[in-house]
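Q: data.cif is reproduced in full below (mmCIF, C-alpha atoms).
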data_protein
#
loop_
_atom_site.label_atom_id
_atom_site.label_comp_id
_atom_site.auth_asym_id
_atom_site.auth_seq_id
_atom_site.Cartn_x
_atom_site.Cartn_y
_atom_site.Cartn_z
CA MET A 754 100.68 92.79 124.24
CA THR A 755 99.28 96.25 123.64
CA ARG A 756 95.49 96.32 123.50
CA ASP A 757 92.94 99.08 123.09
CA ALA A 758 89.66 98.34 124.85
CA ALA A 759 87.70 100.31 122.26
CA CYS A 760 89.27 98.61 119.22
CA GLU A 761 87.23 95.99 117.40
CA LEU A 762 90.36 94.23 116.08
CA CYS A 763 91.62 93.91 119.67
CA ALA A 764 88.26 92.50 120.81
CA GLN A 765 87.37 90.22 117.90
CA PRO A 766 89.07 88.13 115.20
CA GLY A 767 87.73 90.52 112.53
CA GLY A 768 86.48 87.82 110.16
CA LEU A 769 86.68 84.07 109.64
CA LEU A 770 89.94 83.02 111.28
CA VAL A 771 92.16 81.13 108.82
CA HIS A 772 95.49 81.03 110.65
CA ARG A 773 96.86 82.57 113.82
CA THR A 774 100.38 82.98 115.16
CA ALA A 775 101.65 84.77 118.26
CA ARG A 776 102.19 88.01 116.34
CA TRP A 777 99.64 88.06 113.52
CA ARG A 778 96.53 86.32 112.24
CA VAL A 779 94.84 85.95 108.87
CA ILE A 780 91.11 86.14 108.45
CA ARG A 781 88.86 85.90 105.42
CA ALA A 782 86.52 88.86 105.06
CA ALA A 783 82.85 88.07 104.48
CA ASP A 784 82.44 90.13 101.31
CA ALA A 785 79.96 88.58 98.89
CA ASP A 786 81.06 90.96 96.12
CA HIS A 787 84.77 90.13 96.56
CA PRO A 788 84.99 86.58 97.89
CA GLY A 789 88.77 86.21 97.56
CA PHE A 790 89.43 88.80 100.26
CA TYR A 791 91.75 88.14 103.22
CA ARG A 792 93.27 90.34 105.88
CA VAL A 793 96.56 89.95 107.70
CA ILE A 794 96.04 91.53 111.11
CA TRP A 795 98.79 92.35 113.59
CA ASN A 796 97.62 91.02 116.97
CA ALA A 797 98.94 93.88 119.12
CA HIS A 798 97.34 97.30 118.80
CA VAL A 799 99.66 99.25 116.52
CA ALA A 800 98.43 101.88 114.09
CA GLU A 801 101.04 102.48 111.42
CA TRP A 802 103.29 100.17 109.39
CA THR A 803 106.39 102.10 110.49
CA ASP A 804 105.35 101.71 114.14
CA LEU A 805 106.42 98.07 113.76
CA PRO A 806 110.09 97.21 114.30
CA PRO A 807 111.66 96.08 110.99
CA ALA A 808 111.80 92.40 112.01
CA ASP A 809 108.07 92.45 112.71
CA ARG A 810 107.40 94.16 109.39
CA GLY A 811 109.28 91.35 107.69
CA ALA A 812 107.20 88.71 109.46
CA MET A 813 103.93 90.43 108.61
CA LEU A 814 104.92 91.09 105.00
CA ALA A 815 105.86 87.44 104.55
CA ALA A 816 102.29 86.56 105.54
CA VAL A 817 100.87 89.13 103.11
CA GLU A 818 103.05 87.73 100.33
CA ALA A 819 102.08 84.14 101.13
CA VAL A 820 98.39 85.01 100.88
CA GLU A 821 99.00 86.92 97.64
CA GLN A 822 100.83 83.96 96.15
CA VAL A 823 98.09 81.47 97.04
CA LEU A 824 95.43 83.76 95.56
CA ARG A 825 97.47 84.15 92.38
CA ASP A 826 98.17 80.42 92.07
CA ARG A 827 94.68 79.18 92.85
CA LEU A 828 92.38 81.91 91.50
CA LYS A 829 94.37 83.42 88.63
CA PRO A 830 92.91 86.85 89.42
CA THR A 831 93.10 89.76 87.02
CA LYS A 832 94.96 91.70 89.73
CA ILE A 833 95.88 91.52 93.38
CA ASN A 834 95.07 94.56 95.51
CA LEU A 835 97.12 95.22 98.66
CA ALA A 836 96.30 97.97 101.11
CA SER A 837 96.90 99.09 104.67
CA LEU A 838 94.49 101.93 105.41
CA GLY A 839 93.05 101.80 108.93
CA ASN A 840 91.16 105.09 108.85
CA VAL A 841 88.12 103.54 110.52
CA VAL A 842 89.94 100.90 112.57
CA PRO A 843 93.47 102.19 113.24
CA HIS A 844 94.86 98.75 114.12
CA LEU A 845 97.45 97.56 111.62
CA HIS A 846 95.99 95.21 109.00
CA TRP A 847 96.69 94.47 105.37
CA HIS A 848 93.94 93.80 102.87
CA VAL A 849 94.91 91.15 100.30
CA ILE A 850 92.22 90.97 97.66
CA ALA A 851 91.86 88.94 94.47
CA ARG A 852 90.22 91.15 91.84
CA PHE A 853 88.56 90.06 88.63
CA GLU A 854 87.33 91.87 85.54
CA TRP A 855 83.88 90.48 86.28
CA ASP A 856 83.71 91.64 89.89
CA ALA A 857 81.21 94.19 91.18
CA ARG A 858 83.64 97.12 91.44
CA TRP A 859 86.25 96.40 88.79
CA PRO A 860 88.34 98.35 87.85
CA GLN A 861 87.69 100.53 90.88
CA PRO A 862 89.06 99.71 94.34
CA VAL A 863 86.70 97.66 96.51
CA TRP A 864 85.94 100.80 98.53
CA ALA A 865 84.49 102.65 95.55
CA SER A 866 80.84 102.46 94.55
CA ARG A 867 79.55 99.33 92.84
CA GLN A 868 79.98 99.32 89.07
CA ARG A 869 77.60 96.41 88.41
CA ASP A 870 75.58 93.74 90.21
CA VAL A 871 77.20 90.32 90.19
CA ALA A 872 75.21 87.38 91.53
CA GLY A 873 77.04 84.37 92.91
CA ALA A 874 80.54 85.82 92.83
CA GLU A 875 81.78 83.04 95.11
CA GLN A 876 80.71 80.40 92.58
CA ARG A 877 82.84 82.06 89.91
CA LEU A 878 86.05 81.32 91.79
CA ALA A 879 88.19 78.43 90.57
CA LEU A 880 87.75 76.57 93.84
CA PRO A 881 85.38 76.58 96.82
CA LEU A 882 86.22 79.01 99.59
CA ASP A 883 86.78 76.30 102.19
CA LEU A 884 89.48 74.77 100.00
CA LEU A 885 90.97 78.21 99.35
CA ASP A 886 91.07 78.85 103.10
CA GLN A 887 92.87 75.54 103.58
CA ALA A 888 95.44 76.42 100.92
CA VAL A 889 96.03 79.81 102.55
CA ALA A 890 96.36 78.20 105.99
CA ARG A 891 98.89 75.66 104.71
CA ALA A 892 101.02 78.37 103.09
CA LEU A 893 100.97 80.41 106.29
CA ALA A 894 101.79 77.42 108.49
CA ALA A 895 104.83 76.79 106.27
CA LEU A 896 106.21 80.24 107.16
CA ALA A 897 106.74 79.45 110.81
CA MET B 335 114.36 96.86 81.39
CA THR B 336 110.89 95.51 80.64
CA ARG B 337 108.61 98.10 79.09
CA ASP B 338 105.04 98.00 77.81
CA ALA B 339 104.43 100.42 74.97
CA ALA B 340 100.80 100.88 76.01
CA CYS B 341 101.55 101.59 79.68
CA GLU B 342 101.38 105.16 80.88
CA LEU B 343 103.82 104.50 83.74
CA CYS B 344 106.35 103.18 81.22
CA ALA B 345 105.88 106.25 79.01
CA GLN B 346 105.64 109.02 81.61
CA PRO B 347 106.88 109.83 85.12
CA GLY B 348 103.29 109.58 86.42
CA GLY B 349 103.39 112.79 88.47
CA LEU B 350 105.84 115.36 89.73
CA LEU B 351 109.17 113.57 89.91
CA VAL B 352 110.67 113.84 93.41
CA HIS B 353 113.48 111.28 93.28
CA ARG B 354 114.62 108.66 90.82
CA THR B 355 116.95 105.68 91.10
CA ALA B 356 117.81 102.97 88.59
CA ARG B 357 115.05 100.69 89.90
CA TRP B 358 112.31 102.96 91.24
CA ARG B 359 111.14 106.54 91.35
CA VAL B 360 108.94 108.61 93.63
CA ILE B 361 106.45 111.12 92.33
CA ARG B 362 103.97 113.40 94.02
CA ALA B 363 100.43 113.01 92.76
CA ALA B 364 98.60 116.17 91.79
CA ASP B 365 95.56 115.64 94.01
CA ALA B 366 94.12 118.89 95.34
CA ASP B 367 91.91 116.99 97.80
CA HIS B 368 94.82 114.94 99.20
CA PRO B 369 97.96 117.02 98.81
CA GLY B 370 100.27 114.76 100.82
CA PHE B 371 100.06 111.97 98.26
CA TYR B 372 103.16 110.29 96.82
CA ARG B 373 103.68 107.17 94.72
CA VAL B 374 106.67 104.85 94.64
CA ILE B 375 106.79 103.43 91.12
CA TRP B 376 108.92 100.50 89.99
CA ASN B 377 110.62 101.59 86.77
CA ALA B 378 110.36 98.28 84.90
CA HIS B 379 106.95 97.05 83.83
CA VAL B 380 105.95 94.53 86.49
CA ALA B 381 102.35 93.98 87.57
CA GLU B 382 102.29 92.27 90.97
CA TRP B 383 104.28 92.74 94.15
CA THR B 384 105.24 89.04 94.19
CA ASP B 385 106.53 89.35 90.61
CA LEU B 386 109.47 91.24 92.10
CA PRO B 387 112.41 89.21 93.41
CA PRO B 388 112.65 89.55 97.22
CA ALA B 389 115.69 91.84 97.09
CA ASP B 390 113.82 94.23 94.82
CA ARG B 391 110.80 94.13 97.12
CA GLY B 392 113.08 95.14 99.97
CA ALA B 393 114.46 98.08 98.00
CA MET B 394 111.00 99.27 96.99
CA LEU B 395 109.54 98.81 100.46
CA ALA B 396 112.40 100.82 101.97
CA ALA B 397 111.37 103.70 99.69
CA VAL B 398 107.71 103.33 100.71
CA GLU B 399 108.71 103.36 104.38
CA ALA B 400 110.97 106.38 103.93
CA VAL B 401 108.12 108.35 102.37
CA GLU B 402 105.74 107.23 105.11
CA GLN B 403 108.19 108.32 107.79
CA VAL B 404 108.69 111.78 106.28
CA LEU B 405 104.93 112.28 105.97
CA ARG B 406 104.47 111.22 109.59
CA ASP B 407 107.29 113.40 110.87
CA ARG B 408 106.45 116.52 108.89
CA LEU B 409 102.66 116.46 108.54
CA LYS B 410 101.51 114.56 111.65
CA PRO B 411 98.66 113.02 109.65
CA THR B 412 95.71 111.31 111.30
CA LYS B 413 96.65 108.16 109.38
CA ILE B 414 98.91 106.94 106.60
CA ASN B 415 97.28 104.97 103.80
CA LEU B 416 99.40 102.50 101.82
CA ALA B 417 98.11 100.67 98.77
CA SER B 418 99.26 98.79 95.71
CA LEU B 419 96.24 98.31 93.46
CA GLY B 420 97.04 98.72 89.76
CA ASN B 421 93.66 97.72 88.37
CA VAL B 422 93.69 100.58 85.88
CA VAL B 423 97.45 100.78 85.38
CA PRO B 424 98.91 97.32 86.10
CA HIS B 425 102.45 98.63 86.58
CA LEU B 426 103.68 98.17 90.14
CA HIS B 427 103.31 101.31 92.24
CA TRP B 428 102.62 102.04 95.90
CA HIS B 429 100.39 104.87 96.99
CA VAL B 430 101.64 106.56 100.17
CA ILE B 431 99.03 109.04 101.36
CA ALA B 432 98.83 111.31 104.38
CA ARG B 433 95.21 111.39 105.54
CA PHE B 434 93.58 113.92 107.84
CA GLU B 435 90.28 114.08 109.66
CA TRP B 436 89.55 117.28 107.78
CA ASP B 437 90.24 115.90 104.29
CA ALA B 438 87.61 115.57 101.60
CA ARG B 439 87.12 111.80 101.87
CA TRP B 440 87.96 111.04 105.49
CA PRO B 441 87.43 108.40 106.84
CA GLN B 442 86.87 106.74 103.48
CA PRO B 443 89.76 105.71 101.21
CA VAL B 444 90.74 108.36 98.66
CA TRP B 445 89.04 106.28 95.95
CA ALA B 446 85.61 106.56 97.58
CA SER B 447 83.18 109.38 96.89
CA ARG B 448 83.83 112.80 98.43
CA GLN B 449 82.44 113.23 101.93
CA ARG B 450 82.77 117.03 102.02
CA ASP B 451 84.23 119.94 100.09
CA VAL B 452 87.52 121.23 101.45
CA ALA B 453 88.96 124.40 99.97
CA GLY B 454 92.69 124.99 100.12
CA ALA B 455 93.70 121.59 101.45
CA GLU B 456 97.32 122.24 100.51
CA GLN B 457 97.41 125.31 102.77
CA ARG B 458 96.32 123.20 105.74
CA LEU B 459 99.52 121.16 105.64
CA ALA B 460 102.19 121.94 108.21
CA LEU B 461 104.67 122.92 105.48
CA PRO B 462 104.60 123.99 101.81
CA LEU B 463 104.64 121.15 99.28
CA ASP B 464 107.97 122.18 97.77
CA LEU B 465 109.61 121.83 101.18
CA LEU B 466 107.83 118.53 101.75
CA ASP B 467 109.09 117.28 98.38
CA GLN B 468 112.62 118.27 99.39
CA ALA B 469 112.34 116.40 102.68
CA VAL B 470 111.06 113.30 100.86
CA ALA B 471 113.87 113.55 98.29
CA ARG B 472 116.52 113.84 101.02
CA ALA B 473 115.17 110.80 102.86
CA LEU B 474 115.16 108.77 99.63
CA ALA B 475 118.66 109.89 98.64
CA ALA B 476 119.87 108.67 102.03
CA LEU B 477 118.67 105.13 101.21
CA ALA B 478 121.14 104.61 98.38
#
Can you present the structure in this file as structure tokens?

A:
Amino acid sequence: MTRDAACELCAQPGGLLVHRTARWRVIRAADADHPGFYRVIWNAHVAEWTDLPPADRGAMLAAVEAVEQVLRDRLKPTKINLASLGNVVPHLHWHVIARFEWDARWPQPVWASRQRDVAGAEQRLALPLDLLDQAVARALAALA
Amino acid sequence: MTRDAACELCAQPGGLLVHRTARWRVIRAADADHPGFYRVIWNAHVAEWTDLPPADRGAMLAAVEAVEQVLRDRLKPTKINLASLGNVVPHLHWHVIARFEWDARWPQPVWASRQRDVAGAEQRLALPLDLLDQAVARALAALA
């Protein structure tokens, strides 16, 4: 598997590991402002989406879609945000983020400046994060 | 086709129209800071990626990938950024953006605050935008 010694997503999980397969893994980001925030990370060091062979894109996208569906079902977010940027860490990963009208940066993307201070965002979710992680892990395990 | 009378992407093309099919269209955004910036817009009013039936997702993703590939081939960007956000306009669209180390917000996402002033960004591209639009349109026409 291709690795880059200088890449933090080659060296570390990149967040709280929720589910891992041979090709990709899903972590939950530790973002107090946006608690329903997961990333699907390709395990090998690949930069761009179209660097992946189509079959691998399909496998990774299925994981992105499974996370999106769990977030929609369990959290009823105002909107899902999907993004593959990688400017800072050019190792292919998809952000899958549940966004809410009450969140700290709504309606801006999570990378914009804070629009308001929101205390206890995690407690506003419809279920505790450990149960959400379990629901995400079950959905991902069902893909295999 | 589902339409929302209050939605600007139901009422207007949403940018310079580059290619249109029955289900989706591609426009170029008028963003002087990030000139290699296209959007793939689903024509019907749908909010979330997983609202689309899988076959439609495949058709839309093929368009996203075709735009990405043209941008990579023609502009040799530092990175491609892909995103489907829709917080402000909840009508399904994918941003496909060529990013460069010299651009005004690098390495931040284009929605973050400006990191530097860059005059004449369009002139720094490897080819004029009208020729880039033509290359994108040809790649998209070849999908049908």

Q: Quick one: residues within 6 Å of region 409-416 of chain B, all atoms listed in the file, excluding same-chain residues fewer than 4 positions away - as a ChimeraX atom specification?

A: /A:836-838 /B:405,429-434,460

Q: Which residue is closest to chain B? Choose from A:Arg869, A:Arg810, A:Arg891, A:Arg827 and count all atoms listed in the file.

A: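 Ranked by minimum distance to chain B, first place goes to A:Arg810.
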
Q: Show which residues sit within 7 Å of region 343-356 of chain B, as a list of chain:residue names. Count all atoms listed in the file, and ignore same-chain residues fewer than 4 positions away.

A: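 My list of contacting residues is B:Arg337, B:Asp338, B:Val360, B:Ile361, B:Arg362, B:Ala363, B:Ala364, B:His379, B:His425, B:Asp467, B:Ala471.
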
Q: I want to know what sits within 10 Å of Arg776 (chain A), based on all atoms listed in the file, with residues of the same chain fewer than 5 positions away left out; could you give that as a PyMOL selection string?

A: chain A and resi 754+794-797+809+812-813

Q: Using the chain letters and numbering of this document, enumerate as number ranges by chain the residues selected by the PyMOL selection byres ((chain B and resi 401) around 8).

A: B: 372, 397-400, 402-405, 430, 470, 473-474

Q: A:Ala872, A:Leu885, A:Leu845, A:Ala897: which is nearest chain B, counting all atoms listed in the file?

A: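 Closest to chain B, using all atoms listed in the file: A:Leu845.
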
Q: Taking all atoms of region 831-835 of chain A that appear in the file, build a box with edges along x, y and z, extend it by 3 Å on every side, and state its centre and edge lengths in Å to one decimal, as AutoDock Vina command-line options.

A:
--center_x 95.1 --center_y 92.5 --center_z 92.8 --size_x 10.0 --size_y 11.5 --size_z 17.6

Q: Got a sec to resolve the PyMOL selection byres ((chain A and resi 855) around 10) on this structure and send the residues as a VMD selection string?

A: chain A and resid 831 852 to 854 856 to 860 869 to 871 874 877

Q: Would you work out the distance separating CA of Val799 (chain A) from CA of Leu461 (chain B), expressed in Å to one decimal?

A: 26.6 Å

Q: Measure the distance from CA of Asp385 (chain B) to CA of Ala815 (chain A) in Å and round it to one decimal.

A: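 So the answer is 14.1 Å.
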
Q: Looking at A:Pro881, A:Trp802, A:Asn840, A:Ala758, which one is nearest to Leu395 (chain B), with distances taken over all atoms listed in the file?

A: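 Counting all atoms listed in the file, the residue closest to Leu395 (chain B) is A:Trp802.
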
Q: Looking at A:Arg825, A:Ala894, A:Asp784, A:Gln876, which one is nearest to chain B, with distances taken over all atoms listed in the file?

A: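 Residue with the minimum atom-to-atom distance to chain B: A:Arg825.
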
Q: Can you tell me how far CA of Leu477 (chain B) sits from CA of Asp464 (chain B), in Å to one decimal?

A: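 So the answer is 20.4 Å.
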
Q: Here's a test: counting only C-alpha atoms, identify every protein, DNA and RNA residue with an atom at most 9 Å from (90.2, 102.4, 114.0) in the file's coordinate frame, and state them as a list in words.

A: Ala759, Cys760, Glu761, Leu762, Ala800, Gly839, Asn840, Val841, Val842, Pro843 and His844 of chain A
